[in-house]
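Colleague: Dumping the structure here so I can ask a few things about it.
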There are 4 protein chains.
Amino acid sequence: MQKTAIHPVRGFASDNNAGVHSEIIEAIARANTGHVPAYGYDPYTKSAIGKFEEHFGPDIAVFFTFNGTGANVLSLQSLTRSFHSVLCSDYAHIYTDECGAPEKFIGCKLIPLPHENGKITLDAVRHAYHGIGDEHHAQPRVISITQATEMGTVYQPEEISALARFAREHNMFLHVDGARIANAAVSLSQNLRQASRDLGVDILSFGGTKNGMLGGEAVVFFHPEQAENFLYLRKQSMQLASKMRFVAAQFEAMLASDLWRRSAEHANRMARLLEKELRRIPGVRIVWKVEANGVFAQIPHPAIDKIRQKYFFYTWIEEEAIVRWMCSFDTTEEDIQKFVAVVAEAVKSQSSGRAKSERRTL
Amino acid sequence: MQKTAIHPVRGFASDNNAGVHSEIIEAIARANTGHVPAYGYDPYTKSAIGKFEEHFGPDIAVFFTFNGTGANVLSLQSLTRSFHSVLCSDYAHIYTDECGAPEKFIGCKLIPLPHENGKITLDAVRHAYHGIGDEHHAQPRVISITQATEMGTVYQPEEISALARFAREHNMFLHVDGARIANAAVSLSQNLRQASRDLGVDILSFGGTKNGMLGGEAVVFFHPEQAENFLYLRKQSMQLASKMRFVAAQFEAMLASDLWRRSAEHANRMARLLEKELRRIPGVRIVWKVEANGVFAQIPHPAIDKIRQKYFFYTWIEEEAIVRWMCSFDTTEEDIQKFVAVVAEAVKSQSSGRAKSERRTL
Amino acid sequence: MQKTAIHPVRGFASDNNAGVHSEIIEAIARANTGHVPAYGYDPYTKSAIGKFEEHFGPDIAVFFTFNGTGANVLSLQSLTRSFHSVLCSDYAHIYTDECGAPEKFIGCKLIPLPHENGKITLDAVRHAYHGIGDEHHAQPRVISITQATEMGTVYQPEEISALARFAREHNMFLHVDGARIANAAVSLSQNLRQASRDLGVDILSFGGTKNGMLGGEAVVFFHPEQAENFLYLRKQSMQLASKMRFVAAQFEAMLASDLWRRSAEHANRMARLLEKELRRIPGVRIVWKVEANGVFAQIPHPAIDKIRQKYFFYTWIEEEAIVRWMCSFDTTEEDIQKFVAVVAEAVKSQSSGRAKSERRTL
Amino acid sequence: MQKTAIHPVRGFASDNNAGVHSEIIEAIARANTGHVPAYGYDPYTKSAIGKFEEHFGPDIAVFFTFNGTGANVLSLQSLTRSFHSVLCSDYAHIYTDECGAPEKFIGCKLIPLPHENGKITLDAVRHAYHGIGDEHHAQPRVISITQATEMGTVYQPEEISALARFAREHNMFLHVDGARIANAAVSLSQNLRQASRDLGVDILSFGGTKNGMLGGEAVVFFHPEQAENFLYLRKQSMQLASKMRFVAAQFEAMLASDLWRRSAEHANRMARLLEKELRRIPGVRIVWKVEANGVFAQIPHPAIDKIRQKYFFYTWIEEEAIVRWMCSFDTTEEDIQKFVAVVAEAVKSQSSGRAKSERRTL
């Protein structure tokens with residue numbers, strides 16, 4: 001992946017290229033007073049967990065981690081032994097973007113399933129569910145989905161319910177990588193509980209960083225008995241923060257007010273605006289439904305480099321020239337207008353360029 | 001380990017029970033502007049690494065991690081394969097306080113050596129160096145020491161040099177867990193380079209969190225070729241921060257001014273003051289030399305509980321009633337006076353209590 | 001996988017359901033004299049390794065393991081770190097039939113590629129080779145193929161050469177799971193060196209058990225420097241036999257005479273005979289070319305159960321009713337005639353059965 | 001460890017330098033008839049397990065592995081998660097001679113305890129049992145002892161019972177590495193059940209190889225529910241033999257007749273004879289009680305080399321010049337007489353040599 005030092009004030013590379021919401025920074029500063037026990041035995045952590053209980057209901061277990069890799073790996077670790085397998089999309093972040101962290105730490109197999117619009121289907125899961133009881137075969141144990149998906153789409157509630165039901169009926173569990181669960185929930189006009197627990201999800205990696213936090217994710221267990229060994233696993237996995245209060249304070253700020261919702265709604269709205277503007281440009285094809293805060297577009301290959309001279313962003317599928325543009329809590333309409341102008345120019349010059357080149361080859 | 005919700009404004013449980021130095025908070029806020037690439041490809045990270053080069057000299061490789069567990073495990077991982085062993089003190093943090101993270105992530109053995117005043121000796125290392133070339137025996141590969149030690153003492157420069165020489169001569173490496181390297185360096189009137197690289201250290205886990213940062217540690221390679229795979233290993237070990245600029249900004253603040261030194265000097269001075277005051281109390285025995293920011297005292301067992309009613313702290317060696325009291329960047333002389341008064345009262349009442357009890361049993 | 005206690009004198013379930021060739025049993029008995037050093041430091045092991053050198057040429061490194069899982073995992077472990085990935089067929093034994101042993105022991109990802117007739121193509125490898133230098137992405141390091149394949153087909157020499165060339169040009173390595181390398185070599189009229197080293201293979205798992213040994217496989221390194229840590233890795237992976245002479249003696253017997261070739265040729269010939277006889281049965285479709293010692297047939301689903309009442313064997317692809325029938329060194333023409341009669345009867349009754357059933361549903 | 005090619009017909013290096021008992025070889029040959037299902041689903045395995053039930057009683061679970069490393073690692077794996085620890089002697093085979101296999105495969109810590117005469121004491125265990133419930137500390141889960149010990153001594157029944165009781169009372173388990181359990185049982189005039197199950201042992205690694213088998217160990221669970229995942233773990237750990245019948249047939253031969261007892265009794269008797277003869281040699285000190293089939297002697301350092309010119313054996317503790325001499329099922333009285341003569345000569349010439357050398361230095 002090519003990285004450049006170019007970074008306009010605000011770009012569209014990723015929602016984690018954005019900084020931190022001002023309310024979060026203020027919350028951190030407020031928590032910076034006196035001494036408190038480390039490692040989560042402080043009143044800030046207790047209070048923040050209380051906020052999760054307000055949103056998700058009682059009888060849950062909540063733990064904070066440093067990042068999404070940690071939240072996902074620990075979620076899966078809590079449900080599996082090394083001879084188990086995890087069924088996920090072949091574009092799942094846990095499958096493609098963790099440098100093998102799940103396999104290394106858990107020791108188990110991740111089985112990639114084909115996706116449709118970023119989502120795995122019940123049929124694909126059913127097909128992959130075999131070899132049960134056969135010691136030669138890693139035993140399917142977890143279905144893991146990403147909500148919102150890596151393609152910017154959103155699972156419908158009934159799609160999640162169906163996967164949860166299959167899991168329950170087959171002695172498996174449903175994990176949701178919710179790095180962007182806030183974006184999905186607002187997209188579906190759900191609250192956080194409706195978007196997860198009420199659908200039969202067993203464990204949720206609740207994302208904070210991409211929604212405007214400085215750093216921190218939460219693992220939310222809807223069946224607290226599955227968290228029995230979590231404290232040990234978190235420590236052993238190097239995900240235990242000593243000054244935990246500063247992670248907790250961020251979540252408190254996210255959940256005590258409706259900051260999680262405001263930020264996600266804004267990012268989603270900006271993505272829809274970006275989509276609308278891009279659709280006006282001939283030569284730009286929007287690939288997947290824009291249901292959360294990301295827009296995936298197919299553009300002429302040479303235009304990619306052209307735009308990159310001004311904005312860094314990721315190519316999602318190289319061979320098909322599909323790129324990803326993300327909006328975040330701080331994206332402005334002006335940012336979008338400027339960016340779209342650059343895209344339009346790059347695609348246009350590319351089109352005429354290609355035309356010329358074609359004529360030349362005649 | 002007993003944890004309580006009691007936390008006076010400032011206690012002596014640990015330097016990570018303290019908050020964040022105000023200069024660090026300000027640096028974080030200053031870095032919170034616009035978008036920058038994630039994962040360390042931002043100008044803040046580049047600049048902070050430059051500061052490390054100013055302190056440690058050129059031709060080093062520097063990487064940030066979330067916490068000390070991560071820094072230590074990744075340091076060791078960079079030097080070892082699963083069939084290697086790491087020689088360390090039987091009180092080393094990596095041996096006793098990581099819930100087995102090194103064994104789990106690296107797969108190799110940690111061999112505990114007896115310590116003297118918290119330090120391992122060349123003799124102990126020599127004794128443990130055997131079975132070379134024997135496939136049944138994990139192969140010694142790294143000597144890992146903690147500076148300042150878990151007992152609040154400090155390795156003398158020549159002690160480190162001697163261990164480094166042994167390592168070099170036996171195809172091994174010397175790793176320093178420098179969670180409190182700043183406290184050790186100021187104790188020895190060394191700069192950071194003198195305290196590590198110049199003594200033959202191969203890899204340094206450079207601590208930030210315990211010296212007043214919000215969160216962040218650095219792995220400093222003095223032989224950059226040993227860092228060849230670090231980026232992959234860090235990602236896979238779940239230690240890669242997406243919004244890395246906020247870790248980098250903290251280190252920038254620590255190293256650009258002399259904040260690292262000021263904070264460590266202050267903490268050390270407070271520890272010496274605490275020691276001085278404690279020595280006046282009959283019934284309190286200072287166990288190890290106070291060379292950094294920790295004081296280890298042996299006090300009557302029942303006094304421990306008595307003091308804990310007001311201050312949380314850790315018992316270091318249960319059977320011998322040895323406790324640990326740490327000072328930090330924000331400890332004040334007043335904090336010490338208050339605390340010492342509580343200790344004195346607890347020990348005193350205990351002494352008389354014991355006397356009474358003894359009389360009763362006569 | 002359903003297992004039954006039914007086992008006719010000789011069946012077609014697997015070449016490892018067969019016993020041990022009499023020459024092997026005799027070799028074991030001959031080696032049973034006096035004391036020799038354990039763990040491979042005995043003259044039998046030295047002599048057997050010499051036999052490998054006669055077959056494969058000098059400058060190789062050879063080690064024995066207990067079984068194929070061990071040989072494959074240790075081969076891959078020798079070439080990889082945990083952040084690497086291994087490209088293999090989605091039907092590769094290492095991917096589907098080791099219960100996740102490679103992931104668990106090595107910690108790395110196995111990337112499944114679509115197969116054509118049991119073989120992976122250069123195109124599929126090229127497609128999977130991406131994300132190089134990206135720390136988020138497990139780094140492709142090994143191409144692993146099975147020869148003969150899990151579908152009973154055989155890679156042509158130029159197919160292997162092309163994969164080896166791609167590997168070499170991309171800083172990768174080519175591993176061959178040769179559980180049935182003997183069957184492939186005789187199928188191609190190659191000697192063992194022509195079938196592996198001469199094609200650019202880096203490491204070969206050389207199968208013994210399925211070709212008539214009691215138990216034992218060999219890892220053959222064609223670049224001995226890659227075996228640098230093998231002794232440690234083998235011991236740590238629990239694959240070091242103490243009474244190694246009895247593994248060595250088996251390989252001596254295989255390679256000193258042409259037993260390896262005689263047994264493989266016989267098994268292959270029996271498979272061709274089985275194929276020929278099966279092709280006469282209407283309702284039996286031979287699915288892949290019979291190039292080694294296995295025949296894969298598609299038969300009516302109910303016939304599978306019917307035949308299983310007399311012979312145990314494995315269904316290869318449940319949904320398509322494809323079954324696997326293997327021949328071994330001890331299969332006789334009479335065995336085949338008896339078996340084919342059972343198949344013919346089952347398929348026939350099934351056809352008429354189905355017809356009846358169809359009529360009934362009219 | 002120095003290895004030499006010298007191997008007289010029968011030496012004293014190790015009971016695994018011996019070959020295979022003739023009754024075992026015959027049993028293997030007898031099992032070599034026709035086809036049977038692989039991987040343990042054969043009648044030989046069923047029958048052999050039945051023999052274990054005759055010896056140990058009903059309601060056990062028995063599984064075969066390739067070797068002792070496998071049996072021990074899988075035993076421990078069945079009882080632990082990665083955040084657990086195993087308490088064992090600092091001379092335990094699992095601690096010193098597996099090249100870190102337990103740490104690598106299980107991911108957990110092995111905590112070395114000081115031994116007395118090769119045995120760990122209840123006091124040492126009690127001392128190591130701490131940090132319970134503290135997430136920073138690996139949680140003690142298993143006590144693992146070796147019977148007979150690595151020093152040739154034997155735990156008394158009440159010593160094992162006491163450890164088992166402590167384990168039970170502290171939510172831990174007792175594992176016995178019984179590579180030489182037969183030697184211990186006959187030494188104590190116990191049957192196999194009395195030597196393990198009746199004392200409160202949870203899992204026994206039952207050794208076969210060192211007692212005259214070609215290769216094979218068994219894991220015996222006295223609480224079958226602890227074996228719930230064993231089949232998967234065994235496969236994933238590369239310890240599943242395909243032609244399992246040939247391991248099973250060996251155990252059948254060991255247990256159906258009293259071969260296990262005859263062989264162990266013989267080896268023990270030879271060790272006592274060896275001890276008796278050695279005690280007559282001035283300059284040879286017997287270090288630990290000879291209670292099983294090993295004799296540990298302290299002899300002048302130069303004599304070690306001298307004897308090694310004729311017999312290979314292992315130095316047990318280099319610094320103290322303590323060597324290990326093992327007897328096996330096939331040791332003869334004549335072997336002992338010859339060996340003792342060589343020892344006597346080496347020690348004697350050494351004594352006089354040393355005397356001369358001393359005079360020379362005057």
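Following the order of the structure tokens, chains are lettered A, B, ..., residues in each are numbered from 1, and ligands are numbered from 1.
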List every residue of segment 9-107 of chain A that DSSP, applied to the backbone of this structure, places in alpha helix (DSSP H), and write the result as a ChimeraX atom specification.
Modeller: /A:22-30,43-56,68-79,93-96,101-106
Colleague: Excluding same-chain residues fewer than 5 positions from Gln194 of chain D, what lies within 9 Å of it counting only C-alpha atoms, as a list in words?
Modeller: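 With the cut-off at 9 Å, the set is Phe56, Pro157, Ala185 and Leu199 of chain D.
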Colleague: Store the residues picked out above in a file with all heavy atoms, as a PDB file, in the first residue's frame.
Modeller:
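part15.pdb, freshly written:
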ATOM      1  N   PHE D  56      -6.685 -50.221  34.861  1.00  0.00           N
ATOM      2  CA  PHE D  56      -6.956 -48.982  35.592  1.00  0.00           C
ATOM      3  C   PHE D  56      -8.409 -48.876  36.062  1.00  0.00           C
ATOM      4  O   PHE D  56      -8.763 -47.941  36.767  1.00  0.00           O
ATOM      5  CB  PHE D  56      -6.608 -47.769  34.740  1.00  0.00           C
ATOM      6  CG  PHE D  56      -5.141 -47.593  34.496  1.00  0.00           C
ATOM      7  CD1 PHE D  56      -4.536 -48.031  33.331  1.00  0.00           C
ATOM      8  CD2 PHE D  56      -4.345 -46.985  35.476  1.00  0.00           C
ATOM      9  CE1 PHE D  56      -3.175 -47.869  33.125  1.00  0.00           C
ATOM     10  CE2 PHE D  56      -2.992 -46.817  35.271  1.00  0.00           C
ATOM     11  CZ  PHE D  56      -2.397 -47.263  34.093  1.00  0.00           C
ATOM     12  N   PRO D 157       3.672 -43.276  47.824  1.00  0.00           N
ATOM     13  CA  PRO D 157       2.227 -43.089  47.589  1.00  0.00           C
ATOM     14  C   PRO D 157       1.665 -41.903  48.362  1.00  0.00           C
ATOM     15  O   PRO D 157       0.885 -41.112  47.814  1.00  0.00           O
ATOM     16  CB  PRO D 157       1.622 -44.411  48.075  1.00  0.00           C
ATOM     17  CG  PRO D 157       2.717 -45.407  47.881  1.00  0.00           C
ATOM     18  CD  PRO D 157       4.003 -44.682  48.125  1.00  0.00           C
ATOM     19  N   ALA D 185       6.043 -48.307  39.701  1.00  0.00           N
ATOM     20  CA  ALA D 185       5.026 -49.194  40.274  1.00  0.00           C
ATOM     21  C   ALA D 185       5.665 -50.472  40.825  1.00  0.00           C
ATOM     22  O   ALA D 185       5.383 -50.866  41.956  1.00  0.00           O
ATOM     23  CB  ALA D 185       3.968 -49.531  39.215  1.00  0.00           C
ATOM     24  N   LEU D 199      -4.320 -42.887  43.782  1.00  0.00           N
ATOM     25  CA  LEU D 199      -3.662 -41.832  44.565  1.00  0.00           C
ATOM     26  C   LEU D 199      -4.226 -40.448  44.280  1.00  0.00           C
ATOM     27  O   LEU D 199      -3.773 -39.457  44.835  1.00  0.00           O
ATOM     28  CB  LEU D 199      -2.153 -41.841  44.271  1.00  0.00           C
ATOM     29  CG  LEU D 199      -1.442 -43.170  44.563  1.00  0.00           C
ATOM     30  CD1 LEU D 199       0.001 -43.100  44.089  1.00  0.00           C
ATOM     31  CD2 LEU D 199      -1.508 -43.484  46.056  1.00  0.00           C
TER      32      LEU D 199
END
Colleague: State, in Å with one decimal place, the distance from atom CA of Val142 of chain C to atom CA of Phe105 of chain B.
Modeller: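 Computing the Euclidean distance for atom CA of Val142 of chain C and atom CA of Phe105 of chain B yields 22.3 Å.
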Colleague: With a cut-off of 7 Å and counting only C-alpha atoms, select all residues of chain B in contact with chain A and give the selection as a PyMOL selection string.
Modeller: chain B and resi 5+7-11+16-20+32-38+42+67+69-70+98-101+105+214+232+235-238+241-243
Colleague: Take the residues from that selection and write them out as a CSV table (one decimal), in the first residue's frame, keeping N, CA, C and O atoms.
Modeller:
chain,number,residue,atom,x,y,z
B,5,ALA,N,-11.6,0.7,46.2
B,5,ALA,CA,-12.0,1.9,45.5
B,5,ALA,C,-11.4,3.2,46.1
B,5,ALA,O,-11.6,4.3,45.6
B,7,HIS,N,-9.1,5.9,46.9
B,7,HIS,CA,-7.9,6.6,46.2
B,7,HIS,C,-7.9,8.0,46.6
B,7,HIS,O,-8.6,8.9,46.2
B,8,PRO,N,-7.0,8.3,47.5
B,8,PRO,CA,-6.8,9.7,48.0
B,8,PRO,C,-6.3,10.5,46.8
B,8,PRO,O,-6.0,9.9,45.7
B,9,VAL,N,-6.3,11.8,46.9
B,9,VAL,CA,-5.9,12.6,45.7
B,9,VAL,C,-4.6,12.0,45.1
B,9,VAL,O,-4.6,11.8,43.9
B,10,ARG,N,-3.6,11.8,45.9
B,10,ARG,CA,-2.4,11.2,45.3
B,10,ARG,C,-1.9,10.2,46.3
B,10,ARG,O,-1.6,10.5,47.5
B,11,GLY,N,-1.6,9.0,45.8
B,11,GLY,CA,-1.1,7.9,46.7
B,11,GLY,C,0.2,7.4,46.3
B,11,GLY,O,0.9,8.1,45.5
B,16,ASN,N,1.9,4.4,37.8
B,16,ASN,CA,0.8,4.5,36.7
B,16,ASN,C,-0.6,4.7,37.3
B,16,ASN,O,-1.6,4.7,36.6
B,17,ASN,N,-0.6,5.0,38.6
B,17,ASN,CA,-1.9,5.5,39.2
B,17,ASN,C,-2.0,7.0,39.1
B,17,ASN,O,-3.1,7.6,39.2
B,18,ALA,N,-0.9,7.6,38.8
B,18,ALA,CA,-0.8,9.0,38.5
B,18,ALA,C,-1.5,9.3,37.2
B,18,ALA,O,-1.7,8.4,36.4
B,19,GLY,N,-1.9,10.6,37.0
B,19,GLY,CA,-2.5,11.0,35.8
B,19,GLY,C,-1.4,11.3,34.7
B,19,GLY,O,-0.3,10.7,34.7
B,20,VAL,N,-1.7,12.4,34.0
B,20,VAL,CA,-0.8,12.7,32.8
B,20,VAL,C,-0.3,14.1,33.1
B,20,VAL,O,-1.0,15.0,33.6
B,32,ASN,N,-4.1,17.6,17.6
B,32,ASN,CA,-5.5,17.3,17.1
B,32,ASN,C,-6.0,18.3,16.1
B,32,ASN,O,-6.9,19.1,16.3
B,33,THR,N,-5.3,18.3,14.9
B,33,THR,CA,-5.7,19.3,13.9
B,33,THR,C,-5.7,18.6,12.5
B,33,THR,O,-4.6,18.0,12.2
B,34,GLY,N,-6.8,18.6,11.8
B,34,GLY,CA,-6.8,18.1,10.5
B,34,GLY,C,-6.6,16.6,10.4
B,34,GLY,O,-6.6,15.9,11.4
B,35,HIS,N,-6.5,16.1,9.2
B,35,HIS,CA,-6.3,14.7,9.0
B,35,HIS,C,-4.8,14.4,8.7
B,35,HIS,O,-4.1,15.2,8.1
B,36,VAL,N,-4.3,13.3,9.2
B,36,VAL,CA,-3.0,12.8,8.8
B,36,VAL,C,-3.1,11.3,8.6
B,36,VAL,O,-4.0,10.6,9.1
B,37,PRO,N,-2.2,10.7,7.9
B,37,PRO,CA,-2.2,9.3,7.7
B,37,PRO,C,-2.2,8.5,9.0
B,37,PRO,O,-1.5,9.0,10.0
B,38,ALA,N,-2.8,7.4,9.1
B,38,ALA,CA,-2.9,6.6,10.3
B,38,ALA,C,-1.6,5.7,10.4
B,38,ALA,O,-0.8,5.7,9.5
B,42,ASP,N,2.6,9.6,9.6
B,42,ASP,CA,2.3,11.0,9.8
B,42,ASP,C,3.5,11.8,10.2
B,42,ASP,O,4.5,11.2,10.7
B,67,ASN,N,1.7,-0.2,25.2
B,67,ASN,CA,2.0,-0.3,26.6
B,67,ASN,C,3.3,-1.1,26.7
B,67,ASN,O,3.9,-1.6,25.8
B,69,THR,N,3.9,-4.0,28.2
B,69,THR,CA,3.8,-5.4,27.8
B,69,THR,C,4.1,-5.6,26.3
B,69,THR,O,4.9,-6.4,25.9
B,70,GLY,N,3.5,-4.7,25.5
B,70,GLY,CA,3.7,-4.7,24.1
B,70,GLY,C,5.2,-4.5,23.7
B,70,GLY,O,5.8,-5.1,22.9
B,98,GLU,N,3.1,-10.4,33.5
B,98,GLU,CA,2.5,-10.3,32.1
B,98,GLU,C,1.5,-11.4,31.8
B,98,GLU,O,1.1,-11.6,30.7
B,99,CYS,N,1.2,-12.2,32.9
B,99,CYS,CA,0.2,-13.3,32.7
B,99,CYS,C,0.6,-14.2,31.6
B,99,CYS,O,-0.2,-14.8,30.9
B,100,GLY,N,2.0,-14.3,31.4
B,100,GLY,CA,2.5,-15.3,30.4
B,100,GLY,C,2.5,-14.8,29.0
B,100,GLY,O,2.6,-15.5,28.0
B,101,ALA,N,2.3,-13.5,28.8
B,101,ALA,CA,2.3,-12.9,27.5
B,101,ALA,C,3.5,-13.3,26.6
B,101,ALA,O,3.3,-13.7,25.5
B,105,PHE,N,2.9,-15.3,23.2
B,105,PHE,CA,3.1,-14.7,21.9
B,105,PHE,C,4.3,-15.2,21.2
B,105,PHE,O,4.3,-15.4,20.0
B,214,LEU,N,0.2,9.7,28.9
B,214,LEU,CA,-1.2,9.1,29.0
B,214,LEU,C,-1.1,7.6,28.6
B,214,LEU,O,-1.7,6.8,29.3
B,232,TYR,N,5.5,-5.9,10.8
B,232,TYR,CA,4.6,-7.0,10.7
B,232,TYR,C,4.3,-7.5,12.1
B,232,TYR,O,3.1,-7.8,12.5
B,235,LYS,N,2.0,-5.2,14.1
B,235,LYS,CA,0.6,-5.3,13.7
B,235,LYS,C,0.0,-6.6,14.1
B,235,LYS,O,-1.1,-6.6,14.7
B,236,GLN,N,0.7,-7.6,13.9
B,236,GLN,CA,0.1,-8.9,14.3
B,236,GLN,C,-0.1,-9.1,15.8
B,236,GLN,O,-0.9,-9.8,16.3
B,237,SER,N,0.7,-8.4,16.6
B,237,SER,CA,0.6,-8.5,18.0
B,237,SER,C,-0.4,-7.5,18.6
B,237,SER,O,-0.5,-7.3,19.8
B,238,MET,N,-1.2,-6.9,17.7
B,238,MET,CA,-2.3,-6.0,18.1
B,238,MET,C,-1.7,-4.7,18.8
B,238,MET,O,-2.4,-4.1,19.6
B,241,ALA,N,-1.2,1.3,16.8
B,241,ALA,CA,-2.2,2.4,17.0
B,241,ALA,C,-2.6,3.0,15.7
B,241,ALA,O,-1.7,3.3,14.8
B,242,SER,N,-3.9,3.2,15.4
B,242,SER,CA,-4.3,3.8,14.2
B,242,SER,C,-4.0,5.3,14.3
B,242,SER,O,-3.3,5.9,13.4
B,243,LYS,N,-4.4,6.0,15.3
B,243,LYS,CA,-4.2,7.4,15.4
B,243,LYS,C,-2.9,7.6,16.1
B,243,LYS,O,-2.8,8.2,17.2
Colleague: In Å to one decimal, how far is atom CA of Pro114 of chain C from atom CA of Asp90 of chain C?
Modeller: 5.8 Å
Colleague: Would you mind listing what lies within 8 Å of Gly118 of chain D as a PDB file with N, CA, C and O atoms, in the first residue's frame, with only C-alpha atoms counted and same-chain residues fewer than 2 positions away left out?
Modeller:
ATOM      1  N   SER D  89       8.963 -29.662  38.786  1.00  0.00           N
ATOM      2  CA  SER D  89      10.350 -29.601  39.256  1.00  0.00           C
ATOM      3  C   SER D  89      11.214 -28.859  38.245  1.00  0.00           C
ATOM      4  O   SER D  89      10.974 -28.893  37.038  1.00  0.00           O
ATOM      5  N   TYR D  91      13.917 -29.775  37.407  1.00  0.00           N
ATOM      6  CA  TYR D  91      14.578 -30.810  36.621  1.00  0.00           C
ATOM      7  C   TYR D  91      13.558 -31.663  35.855  1.00  0.00           C
ATOM      8  O   TYR D  91      13.915 -32.688  35.283  1.00  0.00           O
ATOM      9  N   HIS D 115      13.662 -29.065  43.705  1.00  0.00           N
ATOM     10  CA  HIS D 115      13.333 -30.461  43.999  1.00  0.00           C
ATOM     11  C   HIS D 115      14.155 -30.969  45.183  1.00  0.00           C
ATOM     12  O   HIS D 115      15.212 -30.414  45.502  1.00  0.00           O
ATOM     13  N   GLU D 116      13.655 -31.991  45.827  1.00  0.00           N
ATOM     14  CA  GLU D 116      14.431 -32.716  46.830  1.00  0.00           C
ATOM     15  C   GLU D 116      14.494 -34.157  46.387  1.00  0.00           C
ATOM     16  O   GLU D 116      13.454 -34.809  46.293  1.00  0.00           O
ATOM     17  N   ILE D 120       9.265 -32.839  43.961  1.00  0.00           N
ATOM     18  CA  ILE D 120       8.810 -31.558  44.480  1.00  0.00           C
ATOM     19  C   ILE D 120       8.012 -31.811  45.754  1.00  0.00           C
ATOM     20  O   ILE D 120       7.369 -32.858  45.904  1.00  0.00           O
ATOM     21  N   THR D 149      11.197 -40.416  39.034  1.00  0.00           N
ATOM     22  CA  THR D 149      11.702 -39.076  38.764  1.00  0.00           C
ATOM     23  C   THR D 149      12.915 -39.089  37.835  1.00  0.00           C
ATOM     24  O   THR D 149      13.485 -40.140  37.545  1.00  0.00           O
ATOM     25  N   GLU D 150      13.274 -37.875  37.424  1.00  0.00           N
ATOM     26  CA  GLU D 150      14.454 -37.706  36.565  1.00  0.00           C
ATOM     27  C   GLU D 150      15.741 -38.023  37.316  1.00  0.00           C
ATOM     28  O   GLU D 150      16.817 -38.075  36.713  1.00  0.00           O
ATOM     29  N   MET D 151      15.672 -38.227  38.626  1.00  0.00           N
ATOM     30  CA  MET D 151      16.849 -38.581  39.410  1.00  0.00           C
ATOM     31  C   MET D 151      16.817 -40.044  39.823  1.00  0.00           C
ATOM     32  O   MET D 151      17.588 -40.463  40.702  1.00  0.00           O
ATOM     33  N   GLY D 152      15.910 -40.809  39.245  1.00  0.00           N
ATOM     34  CA  GLY D 152      15.877 -42.232  39.531  1.00  0.00           C
ATOM     35  C   GLY D 152      15.203 -42.584  40.842  1.00  0.00           C
ATOM     36  O   GLY D 152      15.174 -43.753  41.236  1.00  0.00           O
ATOM     37  N   THR D 153      14.641 -41.574  41.508  1.00  0.00           N
ATOM     38  CA  THR D 153      13.930 -41.844  42.749  1.00  0.00           C
ATOM     39  C   THR D 153      12.448 -42.037  42.464  1.00  0.00           C
ATOM     40  O   THR D 153      11.988 -41.837  41.327  1.00  0.00           O
TER      41      THR D 153
END
Colleague: So what do you get for atom CA of Ser47 of chain C versus atom CA of Ser144 of chain C, distance-wise?
Modeller: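 Going from atom CA of Ser47 of chain C over to atom CA of Ser144 of chain C, I get 29.1 Å.
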Colleague: Name the residues in contact with Gln156 of chain D at a cut-off of 10 Å, using only C-alpha atoms, excluding same-chain residues fewer than 2 positions from it; report them as a VMD selection string.
Modeller: chain D and resid 119 147 153 to 154 158 to 161 184 188 195
Colleague: Quick one: pick out all strand (DSSP E) residues within segment 138-250 of chain C from a backbone DSSP run and write them as a VMD selection string.
Modeller: chain C and resid 139 to 146 173 to 178 203 to 207 217 to 221
Colleague: Would you pick out the contacts of Ser85 of chain A at 9 Å or less, using only C-alpha atoms, so that residues sharing its chain but fewer than 3 positions from it are not included, and give the list as a ChimeraX atom specification?
Modeller: /A:80-82,108-111,138-143 /C:100
Colleague: Have a look at A:Glu53, A:Asp335, A:Glu228, A:Glu252 and name the one nearest to Gln77 of chain A; count only C-alpha atoms.
Modeller: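 Among the listed residues, the smallest separation from Gln77 of chain A belongs to A:Glu228.
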